[in-house]
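Participant: This is coords_27.tsv (TSV, C-alpha atoms and all ligand atoms).
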chain	number	residue	atom	x	y	z
R	1	MET	CA	66.42	60.26	83.76
R	2	SER	CA	64.58	57.80	81.64
R	3	ARG	CA	63.54	57.59	78.05
R	4	PHE	CA	60.04	56.85	79.36
R	5	TRP	CA	59.72	60.30	80.93
R	6	SER	CA	57.72	63.05	79.24
R	7	SER	CA	59.58	66.25	78.35
R	8	LEU	CA	57.64	68.00	81.13
R	9	THR	CA	59.13	65.58	83.67
R	10	HIS	CA	62.65	66.14	82.38
R	11	ASP	CA	62.27	69.88	82.89
R	12	LEU	CA	60.91	69.80	86.44
R	13	LYS	CA	62.95	71.02	89.42
R	14	PRO	CA	60.99	69.57	92.34
R	15	TYR	CA	60.74	71.25	95.73
R	16	VAL	CA	62.90	69.59	98.38
R	17	PRO	CA	60.97	69.41	101.65
R	18	GLY	CA	62.74	69.50	105.01
R	19	GLU	CA	63.80	66.01	106.01
R	20	GLN	CA	61.80	63.84	108.38
R	21	PRO	CA	64.50	61.69	109.98
R	22	ARG	CA	63.56	59.00	112.48
R	23	ILE	CA	66.29	59.42	115.06
R	24	ALA	CA	65.51	58.86	118.74
R	25	GLY	CA	66.00	61.96	120.89
R	26	LEU	CA	66.28	64.24	117.89
R	27	VAL	CA	65.44	67.92	118.37
R	28	LYS	CA	63.62	68.55	115.11
R	29	LEU	CA	63.38	72.27	114.40
R	30	ASN	CA	63.54	72.19	110.60
R	31	THR	CA	59.98	72.09	109.19
R	32	ASN	CA	57.98	74.48	111.38
R	33	GLU	CA	55.80	71.81	112.92
R	34	ASN	CA	53.95	72.81	116.07
R	35	PRO	CA	55.36	70.88	119.05
R	36	LEU	CA	52.20	71.25	121.13
R	37	GLY	CA	50.09	68.90	119.03
R	38	PRO	CA	46.52	69.13	117.76
R	39	SER	CA	43.42	69.82	119.81
R	40	PRO	CA	42.31	66.66	121.68
R	41	ARG	CA	38.86	67.29	120.21
R	42	ALA	CA	40.31	67.09	116.69
R	43	LEU	CA	42.00	63.78	117.56
R	44	GLU	CA	38.74	62.43	118.93
R	45	ALA	CA	36.88	63.44	115.75
R	46	ILE	CA	39.57	61.80	113.58
R	47	ARG	CA	39.32	58.58	115.62
R	48	GLY	CA	35.56	58.69	115.20
R	49	GLU	CA	36.05	58.49	111.42
R	50	ALA	CA	38.16	55.31	111.67
R	51	ALA	CA	34.97	53.40	111.00
R	52	GLU	CA	33.09	51.32	108.49
R	53	THR	CA	32.01	54.54	106.73
R	54	LEU	CA	35.53	54.76	105.28
R	55	ARG	CA	34.23	52.51	102.49
R	56	LEU	CA	32.31	55.57	101.27
R	57	TYR	CA	33.90	58.48	99.43
R	58	PRO	CA	34.09	61.73	101.39
R	59	ASP	CA	32.02	64.79	100.42
R	60	PRO	CA	33.79	66.04	97.27
R	61	GLN	CA	32.67	69.61	98.04
R	62	ALA	CA	33.57	69.41	101.75
R	63	LEU	CA	30.43	71.41	102.47
R	64	ALA	CA	30.47	70.99	106.25
R	65	LEU	CA	34.12	72.03	106.53
R	66	ARG	CA	33.66	74.98	104.19
R	67	ALA	CA	30.64	76.10	106.22
R	68	ALA	CA	32.69	75.84	109.43
R	69	LEU	CA	35.56	77.83	107.90
R	70	ALA	CA	33.12	80.44	106.55
R	71	ASP	CA	31.59	80.79	109.98
R	72	TYR	CA	35.00	81.04	111.65
R	73	HIS	CA	36.31	83.66	109.23
R	74	GLN	CA	33.02	85.56	108.78
R	75	VAL	CA	32.67	84.94	105.04
R	76	ARG	CA	30.24	82.92	102.92
R	77	PRO	CA	30.85	79.20	102.11
R	78	GLU	CA	31.14	80.00	98.38
R	79	GLN	CA	34.13	82.19	99.31
R	80	VAL	CA	36.00	79.14	100.72
R	81	PHE	CA	38.05	76.49	98.92
R	82	VAL	CA	39.71	73.55	100.69
R	83	GLY	CA	42.56	71.29	99.59
R	84	ASN	CA	45.10	68.69	100.65
R	85	GLY	CA	47.43	71.03	102.51
R	86	SER	CA	48.00	74.60	101.39
R	87	ASP	CA	50.66	73.31	99.00
R	88	GLU	CA	47.87	71.74	96.94
R	89	VAL	CA	45.73	74.88	97.28
R	90	LEU	CA	48.72	76.91	96.06
R	91	ALA	CA	49.32	74.53	93.14
R	92	HIS	CA	45.71	74.97	92.00
R	93	THR	CA	46.03	78.72	92.53
R	94	PHE	CA	49.11	78.94	90.30
R	95	ALA	CA	47.33	76.94	87.58
R	96	ALA	CA	43.98	78.73	87.91
R	97	LEU	CA	44.91	82.35	88.56
R	98	LEU	CA	48.59	83.26	88.24
R	99	LYS	CA	49.48	82.73	84.58
R	100	HIS	CA	49.08	85.91	82.51
R	101	ASP	CA	50.96	87.83	79.82
R	102	ALA	CA	52.82	90.02	82.32
R	103	PRO	CA	55.06	88.20	84.83
R	104	LEU	CA	54.01	86.94	88.23
R	105	LEU	CA	55.78	88.90	91.00
R	106	PHE	CA	57.00	87.51	94.31
R	107	PRO	CA	59.93	88.26	96.66
R	108	ASP	CA	63.37	86.92	95.72
R	109	ILE	CA	63.69	85.41	99.17
R	110	THR	CA	60.46	83.55	99.83
R	111	TYR	CA	58.78	80.14	99.90
R	112	SER	CA	60.85	78.17	97.41
R	113	PHE	CA	57.87	76.18	96.16
R	114	TYR	CA	56.73	79.21	94.12
R	115	THR	CA	59.42	78.84	91.48
R	116	VAL	CA	58.69	75.10	91.33
R	117	TYR	CA	55.04	75.78	90.48
R	118	CYS	CA	56.09	78.38	87.91
R	119	ARG	CA	58.16	75.76	86.17
R	120	LEU	CA	55.43	73.12	86.37
R	121	PHE	CA	52.84	75.46	84.86
R	122	SER	CA	55.22	77.45	82.59
R	123	ILE	CA	54.51	80.75	84.34
R	124	ALA	CA	56.87	83.68	83.69
R	125	TYR	CA	57.89	85.43	86.93
R	126	ASP	CA	60.04	88.24	88.29
R	127	ALA	CA	61.58	87.76	91.72
R	128	VAL	CA	61.50	91.19	93.42
R	129	PRO	CA	64.50	91.67	95.75
R	130	LEU	CA	63.89	92.21	99.46
R	131	ASP	CA	65.59	95.35	100.75
R	132	GLN	CA	68.85	95.29	102.76
R	133	THR	CA	66.94	94.60	105.97
R	134	MET	CA	65.18	91.61	104.33
R	135	ARG	CA	61.87	93.46	104.14
R	136	ILE	CA	59.37	93.63	101.30
R	137	ARG	CA	59.28	97.18	99.88
R	138	LEU	CA	55.84	97.80	98.39
R	139	ALA	CA	57.16	100.48	96.02
R	140	ASP	CA	59.20	97.78	94.25
R	141	TYR	CA	55.94	96.07	93.25
R	142	ARG	CA	54.66	99.21	91.42
R	143	ARG	CA	55.33	97.81	87.98
R	144	PRO	CA	53.43	95.75	85.41
R	145	ALA	CA	52.35	92.50	87.02
R	146	GLY	CA	50.22	89.65	85.70
R	147	ALA	CA	49.67	88.61	89.31
R	148	ILE	CA	51.38	88.79	92.72
R	149	ILE	CA	51.95	86.23	95.46
R	150	ILE	CA	53.44	87.12	98.83
R	151	PRO	CA	53.59	85.09	102.04
R	152	ASN	CA	52.59	87.12	105.09
R	153	PRO	CA	54.57	86.74	107.27
R	154	ASN	CA	57.20	86.08	104.63
R	155	ALA	CA	59.08	82.78	104.78
R	156	PRO	CA	61.84	82.18	105.71
R	157	THR	CA	62.35	85.70	107.12
R	158	GLY	CA	59.26	85.67	109.40
R	159	ILE	CA	58.76	89.41	108.80
R	160	ALA	CA	55.14	90.54	108.36
R	161	LEU	CA	53.41	93.31	106.45
R	162	SER	CA	50.46	95.06	108.11
R	163	ARG	CA	46.92	94.71	106.77
R	164	ALA	CA	47.11	98.37	105.73
R	165	GLU	CA	50.18	97.58	103.61
R	166	ILE	CA	48.37	94.65	101.96
R	167	ALA	CA	45.47	97.02	101.23
R	168	THR	CA	47.93	99.41	99.54
R	169	LEU	CA	49.30	96.56	97.43
R	170	LEU	CA	45.73	95.67	96.39
R	171	GLU	CA	44.98	99.31	95.52
R	172	ASP	CA	48.16	99.45	93.42
R	173	HIS	CA	47.03	96.38	91.44
R	174	PRO	CA	43.24	96.38	91.08
R	175	ASP	CA	43.37	94.32	87.89
R	176	ALA	CA	45.78	91.56	88.90
R	177	PRO	CA	45.09	88.59	91.18
R	178	VAL	CA	46.93	89.12	94.48
R	179	VAL	CA	47.51	86.02	96.62
R	180	ILE	CA	48.54	86.32	100.27
R	181	ASP	CA	49.94	83.04	101.61
R	182	GLU	CA	49.15	83.22	105.33
R	183	ALA	CA	50.66	79.88	106.41
R	184	TYR	CA	52.08	81.51	109.57
R	185	VAL	CA	49.69	84.44	110.11
R	186	ASP	CA	48.20	83.20	113.38
R	187	PHE	CA	51.53	83.55	115.19
R	188	GLY	CA	51.50	87.33	115.12
R	189	ALA	CA	50.48	88.95	111.81
R	190	GLU	CA	47.17	90.45	110.67
R	191	THR	CA	45.09	88.39	108.27
R	192	ALA	CA	43.96	90.02	105.01
R	193	ILE	CA	40.64	88.11	105.07
R	194	PRO	CA	38.63	91.23	106.08
R	195	LEU	CA	39.78	92.79	102.77
R	196	VAL	CA	38.23	90.17	100.46
R	197	ASP	CA	34.83	91.81	100.19
R	198	ALA	CA	36.32	95.14	99.08
R	199	HIS	CA	38.95	93.57	96.76
R	200	ARG	CA	37.68	91.14	94.15
R	201	ASN	CA	41.28	90.28	93.18
R	202	LEU	CA	42.40	89.08	96.64
R	203	LEU	CA	42.87	85.41	97.53
R	204	VAL	CA	44.07	84.51	101.03
R	205	VAL	CA	45.57	81.05	101.54
R	206	GLN	CA	45.84	79.49	105.00
R	207	THR	CA	46.78	76.10	106.47
R	208	MET	CA	46.02	74.02	109.54
R	209	SER	CA	49.56	72.58	109.45
R	210	LYS	CA	51.23	75.15	111.69
R	211	SER	CA	48.99	77.01	114.15
R	212	ARG	CA	46.58	74.07	114.47
R	213	ALA	CA	49.37	71.46	114.58
R	214	LEU	CA	47.73	69.32	111.89
R	215	ALA	CA	50.56	69.07	109.34
R	216	GLY	CA	50.00	65.32	109.10
R	217	LEU	CA	46.31	65.70	108.27
R	218	ARG	CA	46.90	67.95	105.22
R	219	ILE	CA	44.32	70.73	105.43
R	220	GLY	CA	44.78	73.94	103.50
R	221	TYR	CA	42.22	76.45	102.32
R	222	ALA	CA	41.72	79.65	100.39
R	223	ILE	CA	39.31	82.53	100.99
R	224	GLY	CA	38.38	85.04	98.33
R	225	ASN	CA	35.62	86.15	96.04
R	226	ALA	CA	33.34	83.45	94.69
R	227	ASP	CA	34.67	83.77	91.13
R	228	LEU	CA	38.26	83.14	92.31
R	229	ILE	CA	37.03	80.15	94.33
R	230	GLU	CA	35.17	78.86	91.27
R	231	ALA	CA	38.43	78.99	89.29
R	232	LEU	CA	40.17	76.87	91.93
R	233	THR	CA	37.26	74.41	91.98
R	234	ARG	CA	37.41	74.04	88.20
R	235	VAL	CA	41.10	73.10	88.40
R	236	LYS	CA	40.58	70.83	91.42
R	237	ASP	CA	37.75	68.97	89.71
R	238	SER	CA	40.02	68.45	86.71
R	239	PHE	CA	42.61	66.89	88.99
R	240	ASN	CA	41.21	65.13	92.08
R	241	SER	CA	37.58	65.26	93.21
R	242	TYR	CA	38.30	64.05	96.75
R	243	PRO	CA	41.42	65.79	98.08
R	244	LEU	CA	40.29	65.62	101.72
R	245	GLY	CA	39.33	62.29	103.27
R	246	ARG	CA	36.67	61.81	105.92
R	247	PRO	CA	39.08	61.92	108.90
R	248	ALA	CA	40.64	65.13	107.55
R	249	GLN	CA	37.31	66.90	107.10
R	250	ALA	CA	36.07	65.85	110.54
R	251	GLY	CA	39.36	66.68	112.29
R	252	ALA	CA	39.52	70.13	110.71
R	253	ILE	CA	35.96	70.96	111.77
R	254	ALA	CA	36.67	69.84	115.35
R	255	SER	CA	39.88	71.87	115.48
R	256	LEU	CA	37.99	75.03	114.46
R	257	ALA	CA	35.42	74.38	117.19
R	258	ASP	CA	38.10	74.22	119.91
R	259	ASP	CA	39.04	77.88	120.00
R	260	ALA	CA	40.20	77.83	123.63
R	261	TYR	CA	42.87	75.21	122.84
R	262	PHE	CA	43.90	77.14	119.72
R	263	ARG	CA	44.34	80.46	121.56
R	264	GLN	CA	46.19	78.85	124.43
R	265	SER	CA	48.65	76.98	122.19
R	266	LEU	CA	49.31	80.10	120.09
R	267	ALA	CA	50.13	82.05	123.24
R	268	GLN	CA	52.53	79.32	124.32
R	269	VAL	CA	54.36	79.21	120.96
R	270	ILE	CA	54.65	83.01	120.94
R	271	ALA	CA	56.08	83.00	124.48
R	272	SER	CA	58.59	80.31	123.49
R	273	ARG	CA	59.55	82.33	120.41
R	274	GLU	CA	60.46	85.28	122.60
R	275	ARG	CA	62.52	82.97	124.80
R	276	LEU	CA	64.32	81.62	121.72
R	277	ASN	CA	64.95	85.17	120.43
R	278	HIS	CA	66.40	86.18	123.76
R	279	GLY	CA	68.65	83.11	124.01
R	280	LEU	CA	69.94	83.52	120.46
R	281	GLY	CA	70.60	87.22	121.09
R	282	ARG	CA	72.70	86.38	124.14
R	283	LEU	CA	74.80	84.06	121.97
R	284	GLY	CA	75.50	86.89	119.54
R	285	PHE	CA	72.98	85.99	116.84
R	286	GLU	CA	71.18	88.63	114.81
R	287	VAL	CA	67.54	87.56	114.74
R	288	LEU	CA	64.96	89.05	112.37
R	289	PRO	CA	61.69	90.13	114.02
R	290	SER	CA	59.46	87.12	113.53
R	291	ALA	CA	55.66	86.97	113.41
R	292	ALA	CA	55.84	83.23	112.64
R	293	ASN	CA	56.57	79.99	114.52
R	294	PHE	CA	60.19	80.11	113.41
R	295	VAL	CA	63.02	82.62	113.58
R	296	PHE	CA	65.60	83.48	110.93
R	297	ALA	CA	68.98	84.19	112.47
R	298	ARG	CA	72.64	84.56	111.60
R	299	HIS	CA	75.79	84.75	113.65
R	300	PRO	CA	78.25	87.39	112.40
R	301	GLY	CA	81.22	85.15	113.21
R	302	HIS	CA	80.05	81.82	111.80
R	303	GLN	CA	78.94	80.35	108.51
R	304	GLY	CA	75.39	79.05	108.35
R	305	ALA	CA	76.25	75.71	106.76
R	306	ALA	CA	78.91	74.99	109.39
R	307	LEU	CA	76.54	75.85	112.24
R	308	ALA	CA	73.80	73.65	110.80
R	309	ALA	CA	76.24	70.76	110.41
R	310	ALA	CA	77.59	71.16	113.95
R	311	LEU	CA	74.05	71.21	115.33
R	312	ARG	CA	73.23	68.07	113.40
R	313	GLU	CA	76.19	66.32	115.03
R	314	ARG	CA	74.48	67.16	118.32
R	315	ALA	CA	71.13	65.74	117.12
R	316	VAL	CA	69.55	69.16	116.56
R	317	ILE	CA	68.17	69.77	113.07
R	318	VAL	CA	67.41	73.26	111.75
R	319	ARG	CA	66.83	74.45	108.18
R	320	HIS	CA	69.69	75.92	106.18
R	321	PHE	CA	69.25	77.25	102.63
R	322	ALA	CA	72.32	77.23	100.40
R	323	ALA	CA	70.94	80.22	98.50
R	324	PRO	CA	72.33	83.69	97.71
R	325	ARG	CA	71.99	86.30	100.51
R	326	ILE	CA	70.72	83.80	103.10
R	327	SER	CA	73.41	81.12	103.17
R	328	ASP	CA	74.61	82.32	106.59
R	329	HIS	CA	71.14	82.21	108.10
R	330	LEU	CA	69.45	79.41	109.97
R	331	ARG	CA	65.69	79.00	110.06
R	332	ILE	CA	64.81	77.61	113.45
R	333	THR	CA	61.35	76.35	114.35
R	334	VAL	CA	59.99	77.41	117.72
R	335	GLY	CA	59.97	74.12	119.63
R	336	THR	CA	59.07	73.39	123.22
R	337	ASP	CA	61.04	75.22	125.91
R	338	GLU	CA	62.96	71.99	126.49
R	339	GLN	CA	63.91	71.76	122.81
R	340	ILE	CA	64.91	75.42	122.82
R	341	ASP	CA	67.18	74.77	125.81
R	342	ARG	CA	68.83	71.87	123.99
R	343	LEU	CA	69.35	74.00	120.90
R	344	LEU	CA	70.83	76.87	122.89
R	345	ALA	CA	73.10	74.54	124.87
R	346	ALA	CA	74.35	72.96	121.64
R	347	LEU	CA	74.97	76.39	120.09
R	348	ALA	CA	76.80	77.59	123.19
R	349	GLU	CA	79.06	74.54	122.97
R	350	ILE	CA	79.67	75.12	119.23
R	351	LEU	CA	80.42	78.81	119.70
R	352	GLY	CA	82.60	78.05	122.70
R	353	GLY	CA	80.89	80.68	124.82
R	354	PRO	CA	79.21	80.48	128.20
R	355	PRO	CA	76.18	78.19	128.43
R	356	ALA	CA	73.03	80.07	127.50
R	357	THR	CA	70.65	80.62	130.37
R	358	VAL	CA	67.38	82.30	129.58
K	401	LIG	N1	53.23	78.31	102.48
K	401	LIG	C1	54.36	78.52	103.15
K	401	LIG	C2	54.95	79.89	103.16
K	401	LIG	C3	54.99	77.46	103.82
K	401	LIG	O1	56.14	77.66	104.47
K	401	LIG	C4	54.41	76.17	103.79
K	401	LIG	C5	55.05	75.02	104.54
K	401	LIG	N2	56.11	74.42	103.89
K	401	LIG	C6	53.24	76.01	103.06
K	401	LIG	C7	52.66	77.10	102.43
K	401	LIG	C8	52.59	74.67	102.89
K	401	LIG	O2	52.10	74.09	104.05
K	401	LIG	P1	51.04	72.93	104.02
K	401	LIG	O3	51.04	72.29	102.66
K	401	LIG	O4	51.45	71.99	105.09
K	401	LIG	O5	49.70	73.58	104.30
As C-alpha cells, please, write out the structure in this file.
Facilitator:
Amino acid sequence: MSRFWSSLTHDLKPYVPGEQPRIAGLVKLNTNENPLGPSPRALEAIRGEAAETLRLYPDPQALALRAALADYHQVRPEQVFVGNGSDEVLAHTFAALLKHDAPLLFPDITYSFYTVYCRLFSIAYDAVPLDQTMRIRLADYRRPAGAIIIPNPNAPTGIALSRAEIATLLEDHPDAPVVIDEAYVDFGAETAIPLVDAHRNLLVVQTMSKSRALAGLRIGYAIGNADLIEALTRVKDSFNSYPLGRPAQAGAIASLADDAYFRQSLAQVIASRERLNHGLGRLGFEVLPSAANFVFARHPGHQGAALAAALRERAVIVRHFAAPRISDHLRITVGTDEQIDRLLAALAEILGGPPATV
C-alpha cells in the first residue's frame, strides 16, 4: 500500500502464479509445464535469432507467424491474433470483447485469472457452478449473458466438452461473444476452431506453453472471425506494439513446422498421464477424467493441504487451491515417468501403504 498508488492499483487482486523454486532435484509438477522440452528445430530457430538483427524491432504484426498458424489451423491470417502468452491474449480479449451490460459467464471452478481480469477491467460476471461431478452443465448457461468464457478442457478439473457441445453453446448464444480457452486442448480434447466460420461470435484461444513446451518463450494466439481479431488488435496496439520478439516469432514458426516431434511428444505425455492415473488409483485417489497434461485428484482419507505439504517435504511440488469445493484436491502435472514414480513413491510413504508399482 502506498499513497502513490492509483485507486485502480489499490483495488487489484493479482493472480498468484505457481511458484518456480530453484531447488536441486525437485520434482516440479505444479505449473503444467511439459517435461519433454521444445522441438529441437524450434531451439535452433531461436538460437538463429540471437544475432545482430536483435537491434531491430520485430514485425509488429507478426505476419509470418500468423500465416504459419493460419496454414496449420486451416484459417486465414486475418483470423489469427498472436500475443505474449495466452494470458496476454486473454487480457486483451477481456478488454476488447467481454464487457457488456449483461454479466460475463464462466464456471465457478476454472482458471482463476478470469476473475482477476474482471476486476482489472471492471467486468460484471456470474460464476456458474459446476455440477456435483465437477462437469460443466450447458443448460446452466441458458440465461442472459453478455459473453461467455470457458476453458476446454476446463482447468483445474481437466474435464473436456465435445465440439458438438461447444456448438450447442454457440447456438444458445448467437449474439454474445463466446471464448473457448484451449490451453490444454492438444492433450485429448476437440478444438472448436472448425466452428469459427459458422459462428461469428466464437473466439478460440490457444498457447504454445503446454503442448509445444514453450512456456518460457511466451506464445499465445487467438483464432476467430476477422472482426473479433480486429478488436484484439485495436487493444494490443493501444498497449504494446511488439509483444513477441524476434526469437519468439521464429521459434513458434519452427515449432509448428515440426509436426512429427509434436505428435510424438503428445503421445508420450498422454501415455504418462494414463500411468499417473493408474498409480494414483492404486493408492486410493479419486481422479477426474483428464484430457489435459495434468490430473485433478483427491484422496477420500486425506486433506489436500496436508498432502501437498507432505509432498513438499519430500521435494515434490504439486498445485493445491485453498478454495471452496476443491480444497481437498491436488492438481498434478503429468511429468516424466521418472517424476511420476517419485511422486507415487512419496505418496505411498505419506499414506503409509504399499509402495506403488505401475
Ligand atoms: N489458460 C489456462 C486455462 C491456463 O491454465 C493457462 C496457464 N496458466 C493459461 C491460459 C495461460 O498460459 P500461457 O500464458 O502460458 O499461454
Participant: When you count only C-alpha atoms and all ligand atoms, which of these residues is closest to ligand LIG 401 (chain K): R:Thr207, R:Asn293, R:Ser255, R:Asn240?
Facilitator: R:Thr207
Participant: Within 12 Å of segment 236-238 of chain R, counting only C-alpha atoms, which residues show up once you throw out same-chain ones fewer than 5 positions away? Write them as a PyMOL selection string, please.
Facilitator: chain R and resi 60-61+81-84+88-96+229-231+243-244
Participant: Report as a ChimeraX atom specification all protein, DNA and RNA residues lying within 8 Å of segment 136-152 of chain R, evaluated on all atoms listed in the file, omitting residues in the same chain fewer than 4 positions from it.
Facilitator: /R:97-107,110-111,128-131,159-161,165,169,172-173,176-185,189
Participant: Expressed in Å to a single decimal, how great is the separation between atom CA of Ala124 of chain R and atom CA of Phe4 of chain R?
Facilitator: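 That distance, rounded to one decimal, is 27.4 Å.
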Participant: What gap, in Å, lies between atom CA of Pro40 of chain R and atom CA of Gly85 of chain R?
Facilitator: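 Calculated distance between atom CA of Pro40 of chain R and atom CA of Gly85 of chain R is 20.3 Å.
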Participant: Of the candidates R:Glu78, R:Asp87, R:Asp186, R:Asp59, which shows the shortest atom-to-atom distance to Asp227 of chain R, using only C-alpha atoms?
Facilitator: R:Glu78
Participant: Tell me, as a ChimeraX atom specification, which residues lie within 10 Å of segment 288-292 of chain R, counting all atoms listed in the file; anything in the same chain fewer than 4 positions away does not count.
Facilitator: /R:32,133-135,152-161,182-190,210-211,269-270,273-274,277,296-298,333-334
Participant: Contacts of segment 257-266 of chain R at 9 Å or less, counting all atoms listed in the file, minus same-chain residues fewer than 4 places along, as a ChimeraX atom specification?
Facilitator: /R:36-42,68,72,186-187,211-212,252-253,270-271
Participant: With 8 Å added on each side, what axis-aligned box encloses every listed atom of segment 166-184 of chain R? Give the centre and edge lengths in Å to one decimal, as AutoDock Vina command-line options.
Facilitator:
--center_x 47.7 --center_y 89.7 --center_z 98.7 --size_x 24.8 --size_y 35.6 --size_z 37.7
Participant: Looking at R:Cys118, R:Ile219, R:Leu351, R:Leu256, which one is nearest to ligand LIG 401 (chain K), with distances taken over only C-alpha atoms and all ligand atoms?
Facilitator: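 Closest to ligand LIG 401 (chain K), using only C-alpha atoms and all ligand atoms: R:Ile219.
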Participant: Smallest atom-to-atom distance to Leu203 of chain R: which of R:Ala267, R:Leu276, R:Ala45, R:Leu232, using all atoms listed in the file?
Facilitator: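 Nearest to Leu203 of chain R: R:Leu232.
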Participant: Which distance in Å separates atom CA of Ala250 of chain R and atom CA of Gly224 of chain R, to one decimal?
Facilitator: 22.9 Å
Participant: Taking only C-alpha atoms into account, name the residue in R:Thr168, R:Thr336, R:Gln20, R:Ser122 that is nearest to Gln268 of chain R.
Facilitator: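 Looking only at the distances to Gln268 of chain R, the closest residue turns out to be R:Thr336.
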Participant: So, with only C-alpha atoms as the atoms that count, which of R:Glu19, R:Asp328, R:Asp197, R:Glu349 lies closest to Val287 of chain R?
Facilitator: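 Between R:Glu19, R:Asp328, R:Asp197, R:Glu349, the residue approaching Val287 of chain R most closely is R:Asp328.
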